[in-house]
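Dumped work24.txt below, it's compact mmCIF, C-alpha atoms:
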```txt
# COMPACT_ATOMS: atom_id res chain seq x y z
CA MET A 1 62.82 15.67 -44.00
CA LEU A 2 60.37 12.83 -44.46
CA PRO A 3 61.51 9.22 -44.36
CA MET A 4 61.58 7.44 -47.71
CA ASN A 5 58.90 4.78 -47.90
CA ARG A 6 57.92 2.10 -50.36
CA SER A 7 55.39 2.92 -53.02
CA CYS A 8 51.78 2.37 -52.08
CA CYS A 9 48.27 3.18 -53.23
CA TYR A 10 45.76 5.29 -51.33
CA LYS A 11 42.10 5.98 -51.77
CA ILE A 12 41.49 9.44 -50.45
CA PRO A 13 37.98 10.42 -49.35
CA CYS A 14 37.37 14.11 -49.89
CA PHE A 15 33.92 15.62 -49.34
CA GLY A 16 32.26 12.38 -50.36
CA ARG A 17 34.45 11.88 -53.42
CA VAL A 18 37.15 9.24 -53.71
CA GLU A 19 40.23 9.54 -55.87
CA ARG A 20 42.82 6.83 -56.47
CA ARG A 21 46.39 8.05 -56.61
CA ILE A 22 49.25 5.61 -57.36
CA SER A 23 52.96 6.25 -56.98
CA SER A 24 55.40 4.18 -58.98
CA THR A 25 58.56 5.65 -57.49
CA SER A 26 60.49 4.58 -54.42
CA SER A 27 59.81 7.82 -52.60
CA LEU A 28 56.86 8.76 -50.43
CA PRO A 29 53.78 8.85 -52.65
CA LYS A 30 52.38 12.22 -53.51
CA THR A 31 48.81 12.54 -52.35
CA ARG A 32 46.47 14.80 -54.24
CA VAL A 33 43.20 15.94 -52.75
CA ASP A 34 40.68 17.42 -55.17
CA PHE A 35 38.02 19.70 -53.78
CA PRO A 36 34.73 20.29 -55.54
CA SER A 37 35.06 24.00 -54.89
CA GLN A 38 37.54 26.64 -53.86
CA ARG A 39 35.47 27.51 -50.80
CA LYS A 40 35.24 24.08 -49.21
CA PRO A 41 38.19 23.59 -46.88
CA SER A 42 38.67 20.77 -44.45
CA TYR A 43 38.87 16.98 -44.52
CA LEU A 44 42.38 16.63 -45.93
CA CYS A 45 45.12 14.04 -45.83
CA LYS A 46 48.77 13.07 -45.77
CA PRO A 47 50.33 9.63 -45.97
CA ALA A 48 53.20 9.98 -43.51
CA SER A 49 54.63 12.11 -40.74
CA ILE A 50 55.98 15.54 -41.69
CA PRO A 51 58.15 17.65 -39.39
CA THR A 52 56.79 21.14 -38.94
CA LYS A 53 60.13 22.83 -38.39
CA SER A 54 63.76 22.06 -39.12
CA LYS A 55 66.87 23.92 -38.04
CA ALA A 56 69.23 21.68 -39.97
CA LYS A 57 71.57 23.22 -42.48
CA ALA A 58 70.34 22.98 -46.05
CA THR A 59 71.76 20.07 -48.01
CA PRO A 60 71.08 18.87 -51.56
CA SER A 61 68.75 16.18 -50.17
CA SER A 62 66.91 18.61 -47.91
CA SER A 63 66.54 21.08 -50.79
CA MET A 64 65.07 18.32 -52.91
CA ALA A 65 62.62 17.42 -50.13
CA ASP A 66 61.59 21.05 -49.90
CA GLU A 67 60.49 20.90 -53.53
CA GLU A 68 58.77 17.47 -53.40
CA VAL A 69 55.07 17.57 -52.65
CA ALA A 70 53.92 15.19 -49.93
CA PHE A 71 50.24 16.03 -50.27
CA GLU A 72 48.08 18.79 -51.60
CA SER A 73 44.65 20.22 -52.07
CA PRO A 74 45.16 21.85 -55.48
CA MET A 75 42.76 24.68 -54.73
CA HIS A 76 43.82 25.26 -51.13
CA PHE A 77 47.34 24.27 -50.13
CA ARG A 78 50.43 22.24 -50.91
CA VAL A 79 52.59 20.59 -48.24
CA PHE A 80 56.15 19.54 -49.05
CA LYS A 81 58.13 16.66 -47.60
CA SER A 82 60.22 19.13 -45.64
CA GLY A 83 57.08 20.28 -43.82
CA ARG A 84 56.85 23.59 -45.66
CA ILE A 85 53.33 24.65 -46.61
CA GLU A 86 52.05 26.83 -49.43
CA ARG A 87 48.52 28.18 -49.00
CA LEU A 88 46.87 28.61 -52.37
CA ASN A 89 43.98 30.70 -53.71
CA ARG A 90 43.23 32.24 -50.36
CA PRO A 91 39.83 33.89 -50.18
CA PRO A 92 40.16 37.65 -49.67
CA VAL A 93 40.06 39.01 -46.15
CA LEU A 94 37.14 41.40 -45.99
CA PRO A 95 37.16 44.46 -43.75
CA ALA A 96 34.89 44.70 -40.75
CA GLY A 97 32.11 47.26 -40.85
CA LEU A 98 28.50 47.62 -41.91
CA ASP A 99 27.13 44.90 -44.17
CA GLU A 100 24.47 46.65 -46.23
CA ALA A 101 22.73 43.42 -47.25
CA THR A 102 22.00 42.27 -43.70
CA GLY A 103 22.35 45.40 -41.59
CA VAL A 104 24.95 43.65 -39.43
CA THR A 105 27.90 45.69 -38.18
CA SER A 106 31.23 44.09 -37.30
CA LYS A 107 34.53 45.10 -35.74
CA ASP A 108 37.88 43.45 -35.05
CA VAL A 109 39.21 43.21 -31.50
CA VAL A 110 42.77 42.19 -30.60
CA LEU A 111 42.75 40.05 -27.47
CA ASP A 112 46.49 39.43 -27.17
CA ALA A 113 48.90 41.72 -28.96
CA ALA A 114 51.82 39.42 -28.19
CA THR A 115 50.33 36.41 -29.97
CA GLY A 116 48.07 38.21 -32.43
CA LEU A 117 44.94 36.46 -31.17
CA SER A 118 41.89 38.42 -32.28
CA VAL A 119 38.16 38.08 -32.82
CA ARG A 120 35.63 39.66 -35.14
CA VAL A 121 32.48 40.73 -33.30
CA TYR A 122 29.16 41.01 -35.15
CA LEU A 123 26.16 43.01 -33.98
CA PRO A 124 22.86 42.72 -35.90
CA ARG A 125 20.52 45.64 -36.45
CA LEU A 126 18.73 46.20 -33.14
CA GLN A 127 14.97 45.91 -33.47
CA GLU A 128 14.51 46.57 -29.76
CA PRO A 129 17.58 48.39 -28.38
CA SER A 130 16.74 47.42 -24.81
CA ARG A 131 16.53 43.70 -25.62
CA LYS A 132 19.65 41.70 -24.85
CA LEU A 133 20.84 39.26 -27.53
CA PRO A 134 22.26 35.76 -27.14
CA VAL A 135 26.02 35.54 -27.66
CA LEU A 136 27.36 33.00 -30.16
CA VAL A 137 31.09 32.16 -30.28
CA TYR A 138 32.00 30.76 -33.70
CA PHE A 139 35.07 28.71 -34.67
CA HIS A 140 35.88 28.60 -38.39
CA GLY A 141 36.96 25.46 -40.22
CA GLY A 142 39.91 24.84 -42.51
CA ALA A 143 41.66 21.73 -41.16
CA PHE A 144 43.48 23.92 -38.60
CA ILE A 145 45.80 25.16 -41.39
CA ILE A 146 43.81 27.56 -43.57
CA GLU A 147 41.06 30.18 -43.36
CA SER A 148 40.47 33.01 -40.89
CA ALA A 149 37.67 34.84 -39.15
CA GLY A 150 37.93 37.70 -41.63
CA SER A 151 38.01 35.65 -44.83
CA ALA A 152 35.21 36.12 -47.33
CA THR A 153 34.20 32.50 -46.71
CA TYR A 154 33.26 33.16 -43.10
CA HIS A 155 32.50 36.88 -43.10
CA ASN A 156 29.84 36.25 -45.76
CA TYR A 157 28.39 33.39 -43.71
CA ILE A 158 28.41 35.01 -40.28
CA ASN A 159 26.67 38.24 -41.37
CA PRO A 160 23.46 36.43 -42.46
CA LEU A 161 23.69 34.10 -39.45
CA ALA A 162 23.84 37.01 -37.00
CA ALA A 163 20.93 38.72 -38.76
CA ALA A 164 18.71 35.64 -39.01
CA ALA A 165 19.33 34.38 -35.46
CA GLY A 166 19.42 37.81 -33.82
CA VAL A 167 22.66 37.07 -32.01
CA THR A 168 25.88 38.84 -31.23
CA VAL A 169 28.61 36.70 -32.80
CA VAL A 170 32.23 36.43 -31.73
CA SER A 171 34.18 34.80 -34.56
CA VAL A 172 37.56 33.56 -33.35
CA ASP A 173 40.70 34.15 -35.41
CA TYR A 174 42.84 31.44 -33.82
CA ARG A 175 46.43 30.81 -34.93
CA LEU A 176 47.03 28.16 -37.56
CA ALA A 177 49.22 25.08 -37.84
CA PRO A 178 51.88 24.15 -38.80
CA GLU A 179 53.42 27.48 -37.75
CA HIS A 180 51.50 27.12 -34.50
CA PRO A 181 50.86 23.39 -33.93
CA LEU A 182 47.95 22.21 -31.86
CA PRO A 183 46.99 22.76 -29.10
CA THR A 184 47.49 26.44 -30.03
CA ALA A 185 44.15 26.70 -31.85
CA TYR A 186 42.37 25.10 -28.89
CA ASP A 187 44.10 27.38 -26.38
CA ASP A 188 43.37 30.50 -28.46
CA SER A 189 39.74 29.47 -28.78
CA TRP A 190 39.45 28.89 -25.03
CA ALA A 191 40.90 32.32 -24.33
CA ALA A 192 38.45 33.90 -26.78
CA LEU A 193 35.51 32.04 -25.25
CA GLN A 194 36.42 33.23 -21.78
CA TRP A 195 36.79 36.78 -23.10
CA ALA A 196 33.36 36.67 -24.73
CA ALA A 197 31.74 35.27 -21.59
CA SER A 198 33.30 37.98 -19.44
CA ALA A 199 31.47 40.71 -21.42
CA GLN A 200 34.55 42.94 -21.43
CA ASP A 201 33.64 44.22 -24.88
CA ASP A 202 31.31 47.21 -24.95
CA TRP A 203 29.01 45.69 -27.59
CA ILE A 204 28.62 42.50 -25.59
CA ALA A 205 28.25 44.36 -22.31
CA GLU A 206 25.54 46.65 -23.69
CA HIS A 207 23.68 44.34 -26.06
CA GLY A 208 24.71 40.76 -25.23
CA ASP A 209 23.18 38.29 -22.80
CA VAL A 210 26.06 36.06 -21.72
CA SER A 211 23.66 33.92 -19.71
CA ARG A 212 22.54 32.71 -23.15
CA LEU A 213 25.93 31.69 -24.49
CA PHE A 214 26.22 29.42 -27.54
CA LEU A 215 29.08 27.81 -29.44
CA ALA A 216 29.18 26.88 -33.12
CA GLY A 217 31.79 25.73 -35.59
CA ASP A 218 32.18 23.87 -38.86
CA SER A 219 34.59 21.03 -39.67
CA ALA A 220 37.77 21.71 -37.66
CA GLY A 221 35.76 24.44 -35.92
CA GLY A 222 33.19 21.85 -34.89
CA ASN A 223 36.04 19.81 -33.45
CA ILE A 224 37.15 22.91 -31.51
CA ALA A 225 33.60 23.44 -30.22
CA HIS A 226 33.64 19.91 -28.76
CA ASP A 227 36.96 20.59 -27.05
CA MET A 228 35.57 23.83 -25.59
CA LEU A 229 32.60 21.93 -24.15
CA MET A 230 34.89 19.42 -22.48
CA ARG A 231 37.08 22.18 -21.06
CA ALA A 232 34.08 24.16 -19.83
CA SER A 233 32.87 21.18 -17.82
CA GLY A 234 36.09 20.76 -15.88
CA ASN A 235 37.87 24.10 -15.73
CA GLY A 236 35.33 26.33 -14.09
CA GLY A 237 34.38 27.57 -17.52
CA PRO A 238 31.36 29.64 -18.47
CA ARG A 239 27.88 28.15 -18.57
CA ILE A 240 27.07 27.32 -22.19
CA GLU A 241 23.43 26.96 -23.15
CA GLY A 242 23.93 25.24 -26.49
CA ALA A 243 26.36 24.15 -29.17
CA VAL A 244 25.96 23.69 -32.92
CA LEU A 245 28.46 21.29 -34.49
CA LEU A 246 28.37 21.70 -38.27
CA HIS A 247 29.98 18.72 -40.03
CA PRO A 248 32.55 18.36 -37.21
CA TRP A 249 35.88 16.77 -38.09
CA PHE A 250 36.44 13.65 -36.01
CA GLY A 251 38.48 10.56 -36.84
CA GLY A 252 40.31 7.64 -35.31
CA ASN A 253 42.98 4.99 -35.82
CA ALA A 254 40.46 2.33 -36.88
CA ALA A 255 37.72 2.60 -39.48
CA ILE A 256 34.10 2.59 -38.38
CA GLU A 257 31.05 1.32 -40.22
CA GLY A 258 30.18 3.55 -43.15
CA GLU A 259 33.51 5.37 -43.23
CA PRO A 260 34.99 5.58 -46.76
CA GLU A 261 38.08 3.56 -47.60
CA GLY A 262 41.13 5.71 -46.96
CA GLY A 263 39.40 7.88 -44.38
CA VAL A 264 41.52 6.61 -41.52
CA ALA A 265 44.79 7.24 -43.38
CA ALA A 266 43.63 10.70 -44.40
CA THR A 267 42.76 11.77 -40.88
CA ALA A 268 45.81 10.16 -39.30
CA GLY A 269 48.17 11.88 -41.70
CA LEU A 270 46.77 15.36 -41.37
CA TRP A 271 46.32 15.05 -37.62
CA ALA A 272 49.99 14.12 -37.23
CA TYR A 273 50.89 17.21 -39.24
CA VAL A 274 48.81 19.71 -37.27
CA CYS A 275 49.30 18.04 -33.87
CA PRO A 276 52.75 16.41 -33.90
CA GLY A 277 52.71 15.91 -30.13
CA ALA A 278 49.48 13.90 -30.10
CA VAL A 279 49.53 10.74 -28.02
CA GLY A 280 47.79 7.79 -29.64
CA GLY A 281 47.72 9.21 -33.14
CA ALA A 282 44.20 9.89 -34.40
CA ASP A 283 42.84 8.25 -31.24
CA ASP A 284 43.86 11.37 -29.37
CA PRO A 285 40.61 12.28 -27.55
CA ARG A 286 40.53 15.65 -29.27
CA MET A 287 40.32 13.97 -32.67
CA ASN A 288 38.44 10.87 -31.52
CA PRO A 289 36.10 11.62 -28.61
CA LEU A 290 34.95 7.98 -28.77
CA ALA A 291 38.42 6.46 -28.33
CA PRO A 292 39.07 4.16 -25.36
CA GLY A 293 40.10 6.28 -22.40
CA ALA A 294 38.64 9.51 -23.81
CA PRO A 295 36.88 11.75 -21.27
CA ALA A 296 33.29 10.74 -20.70
CA LEU A 297 30.84 12.55 -22.97
CA GLU A 298 28.43 12.85 -20.07
CA LYS A 299 30.69 15.71 -18.94
CA LEU A 300 29.86 17.88 -21.97
CA GLY A 301 29.51 21.42 -20.70
CA CYS A 302 26.29 22.56 -22.34
CA ALA A 303 22.56 22.02 -21.91
CA ARG A 304 21.64 21.48 -25.58
CA MET A 305 23.39 20.36 -28.76
CA LEU A 306 22.65 20.27 -32.49
CA VAL A 307 24.85 18.01 -34.64
CA CYS A 308 24.63 18.50 -38.40
CA ALA A 309 26.06 16.44 -41.27
CA GLY A 310 25.91 16.17 -45.05
CA ARG A 311 24.73 12.79 -46.29
CA LYS A 312 27.47 12.66 -48.97
CA ASP A 313 30.19 13.94 -46.66
CA ALA A 314 33.11 11.57 -46.10
CA LEU A 315 32.78 12.49 -42.42
CA PHE A 316 29.09 11.53 -42.23
CA ALA A 317 29.68 8.23 -40.41
CA ARG A 318 31.91 9.91 -37.81
CA CYS A 319 29.37 12.69 -37.21
CA ARG A 320 26.56 10.18 -36.80
CA ALA A 321 28.62 8.02 -34.44
CA TYR A 322 29.44 11.08 -32.33
CA TYR A 323 25.77 12.05 -32.08
CA HIS A 324 24.79 8.51 -31.10
CA ALA A 325 27.53 8.38 -28.47
CA VAL A 326 26.40 11.69 -26.97
CA THR A 327 22.76 10.62 -26.75
CA THR A 328 23.65 7.32 -25.05
CA SER A 329 26.35 8.67 -22.75
CA GLY A 330 24.32 9.65 -19.73
CA TRP A 331 24.78 13.34 -20.52
CA ARG A 332 21.88 15.25 -19.01
CA GLY A 333 21.40 17.60 -21.93
CA THR A 334 19.29 17.22 -25.04
CA ALA A 335 20.74 16.59 -28.49
CA ALA A 336 19.25 16.96 -31.97
CA TRP A 337 20.45 15.64 -35.33
CA LEU A 338 20.11 17.16 -38.79
CA GLU A 339 21.40 15.56 -41.96
CA SER A 340 21.29 17.28 -45.33
CA ASP A 341 20.42 14.76 -48.02
CA GLY A 342 22.68 14.76 -51.08
CA GLU A 343 25.10 17.33 -49.65
CA GLU A 344 28.85 17.21 -49.18
CA HIS A 345 31.15 18.70 -46.58
CA VAL A 346 30.33 22.28 -45.46
CA PHE A 347 28.19 22.77 -48.57
CA PHE A 348 26.44 25.72 -46.90
CA LEU A 349 29.58 27.84 -47.23
CA GLU A 350 29.77 27.42 -50.99
CA LYS A 351 26.07 27.58 -51.85
CA PRO A 352 24.25 29.37 -49.02
CA GLU A 353 21.23 30.06 -51.23
CA CYS A 354 20.40 26.40 -51.94
CA ASP A 355 17.34 24.89 -50.27
CA ASN A 356 19.31 22.63 -47.95
CA ALA A 357 21.49 25.53 -46.78
CA LYS A 358 18.38 27.59 -46.06
CA GLN A 359 16.86 24.69 -44.14
CA LEU A 360 20.06 24.35 -42.15
CA MET A 361 20.09 28.07 -41.34
CA ASP A 362 16.44 27.88 -40.25
CA ARG A 363 17.26 24.94 -37.98
CA ILE A 364 20.17 26.81 -36.36
CA VAL A 365 17.94 29.85 -35.78
CA ALA A 366 15.23 27.66 -34.23
CA PHE A 367 17.81 25.91 -32.05
CA ILE A 368 19.08 29.20 -30.66
CA ASP A 369 15.49 30.29 -30.07
CA GLY A 370 15.01 27.19 -27.98
CA ALA A 371 12.95 25.09 -30.39
```
Could you quickly redo this structure as structure tokens?
Amino acid sequence: MLPMNRSCCYKIPCFGRVERRISSTSSLPKTRVDFPSQRKPSYLCKPASIPTKSKAKATPSSSMADEEVAFESPMHFRVFKSGRIERLNRPPVLPAGLDEATGVTSKDVVLDAATGLSVRVYLPRLQEPSRKLPVLVYFHGGAFIIESAGSATYHNYINPLAAAAGVTVVSVDYRLAPEHPLPTAYDDSWAALQWAASAQDDWIAEHGDVSRLFLAGDSAGGNIAHDMLMRASGNGGPRIEGAVLLHPWFGGNAAIEGEPEGGVAATAGLWAYVCPGAVGGADDPRMNPLAPGAPALEKLGCARMLVCAGRKDALFARCRAYYHAVTTSGWRGTAAWLESDGEEHVFFLEKPECDNAKQLMDRIVAFIDGA
């Protein structure tokens, strides 16, 4: 159960919006996070530490804590003071198969039956059957606690991406916190990346060019992509040509210039929930690659990088700081920056037909092509 704290007031940044929530009781304040849309998961918050599991016998006080909301995203999830989570309004999981609109075919592959780790592999319509396609490993967002590779949110985004870029995509269905606290999602993603690079799958072996291996991810998935690049540089990992970080979720214990009020508390709270073993709080190098003592960015294990951000995203300042740190780190690769004016967090998932989303897709396609 959560400790009882004095009442306090938080300003919670959420996709560029700020909401004030005040508690007048003596218990931990309830934090409400309002999303502009049902299909925009990620930058979420919590005001205090929540245990993920408890084996204690139920008592009246523990039962009460199980019913008290610690924080919530009304359209996405509700977390109780006991640590229990309710996932709300989940997007439907769509079956793999032929997507008539794009001509892309997909299939699900179980990589580890014991853990349930799986991927969804996408193969675009082959214009030249003998031509090998780049391989893109994609990590979905969702604050490490919601979404999946097969959800409508990502299935409907990856199909057009595979078609437009002409790539074989491996979308990773990593296990979620709090049932599987971090580093589980990182470890699952690393296993999936190694599997993709090994070309064990028949589609990848026949049609994929693993010498042209790319990573991409949005929000928490962008955070995962960074971790994969750092692992690849020091663990004898595969050679990665490029990485696309779409509105990556980074944070830290101290606010930076341009970060909305409340952003630090939001990140620190959620990070403690999904990664209870983190050392240094939100200055854990996985959440804050710019923290003192974090591994040097010059070790990033790719040749090229594209960092993208929405100008109205509460994470904009963190994304920009990350890009600046990469370009001044001594890393030998080349980095590019794209900001979408007037757009909030992962806007391209909710409104893929808007002009800015189309421009972003075009930029990703050009990046993979080498432009």
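For the residues A:Phe71, A:Trp195, A:Tyr157, A:Tyr186, ranking by smallest atom-to-atom distance to His226 of chain A using all atoms listed in the file places A:Tyr186 first.
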For this session: Tell me which protein, DNA and RNA residues are within 9 Å of segment 247-259 of chain A, counting only C-alpha atoms, leaving out same-chain ones fewer than 2 positions away, and put them as a ChimeraX atom specification.
Result: /A:42-43,141,143,217-226,245,261-265,267-268,280-284,286-291,307-310,313-319,321-322,345-346
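One finds atom CA of Pro124 of chain A at 14.5 Å from atom CA of Asp202 of chain A.
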Segment 174-212 of chain A residues near segment 101-121 of chain A within 9 Å, closest pair each, using only C-alpha atoms, as JSON lines:
```
{"residue": "A:Tyr174", "atom": "CA", "partner": "A:Leu117", "partner_atom": "CA", "distance": 6.1}
{"residue": "A:Arg175", "atom": "CA", "partner": "A:Leu117", "partner_atom": "CA", "distance": 6.9}
{"residue": "A:Asp188", "atom": "CA", "partner": "A:Leu117", "partner_atom": "CA", "distance": 6.7}
{"residue": "A:Ala191", "atom": "CA", "partner": "A:Leu111", "partner_atom": "CA", "distance": 8.5}
{"residue": "A:Ala192", "atom": "CA", "partner": "A:Val119", "partner_atom": "CA", "distance": 7.4}
{"residue": "A:Trp195", "atom": "CA", "partner": "A:Leu111", "partner_atom": "CA", "distance": 8.1}
{"residue": "A:Asp201", "atom": "CA", "partner": "A:Val109", "partner_atom": "CA", "distance": 8.7}
{"residue": "A:Trp203", "atom": "CA", "partner": "A:Val121", "partner_atom": "CA", "distance": 8.3}
{"residue": "A:Ile204", "atom": "CA", "partner": "A:Val121", "partner_atom": "CA", "distance": 8.8}
```
Problem set entry | Pairwise distance for atom CA of Phe347 of chain A and atom CA of Leu161 of chain A, rounded to one decimal in Å | 15.2 Å
For this session: In the coordinates of the file, take the point (30.3, 14.9, -20.3) and a cut-off of 12 Å; then, counting only C-alpha atoms, name each qualifying protein, DNA or RNA residue as a PyMOL selection string.
Result: chain A and resi 226-234+289-290+294-303+325-333
Exercise. What lies within 12 Å of Asp362 of chain A using only C-alpha atoms, ignoring chain neighbours under 4 positions off, as a ChimeraX atom specification?
Worked result: /A:160-161,163-165,338,352,355-358,366-369,371
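With only C-alpha atoms as the atoms that count, the minimum distance from Met361 of chain A to the choices A:Thr168, A:Ala199, A:Ala162, A:Tyr323 is reached by A:Ala162.
Reported to one decimal place, the separation of atom CA of Ala177 of chain A from atom CA of Val135 of chain A is 27.4 Å.
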Tell me, counting only C-alpha atoms, for each residue of segment 234-304 of chain A within 12 Å of segment 74-90 of chain A, which pair of atoms is nearest and how far apart they are in Å to one decimal, in rows ordered by chain and increasing number, as CSV.
```
residue,atom,partner,partner_atom,distance
A:Gly269,CA,A:Val79,CA,11.8
A:Leu270,CA,A:Val79,CA,10.4
A:Ala272,CA,A:Gly83,CA,11.5
A:Tyr273,CA,A:Gly83,CA,8.3
A:Val274,CA,A:Gly83,CA,10.6
A:Pro276,CA,A:Gly83,CA,11.5
```
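Residue nearest Pro92 of chain A, chosen from A:Gln127, A:Ser211, A:Gln194, A:Ser151 and counting all atoms listed in the file: A:Ser151.
Considering the residues A:Val167, A:Leu213, A:Ala266, A:Ile145 and counting all atoms listed in the file, Arg131 of chain A has its shortest atom-to-atom contact with A:Val167.
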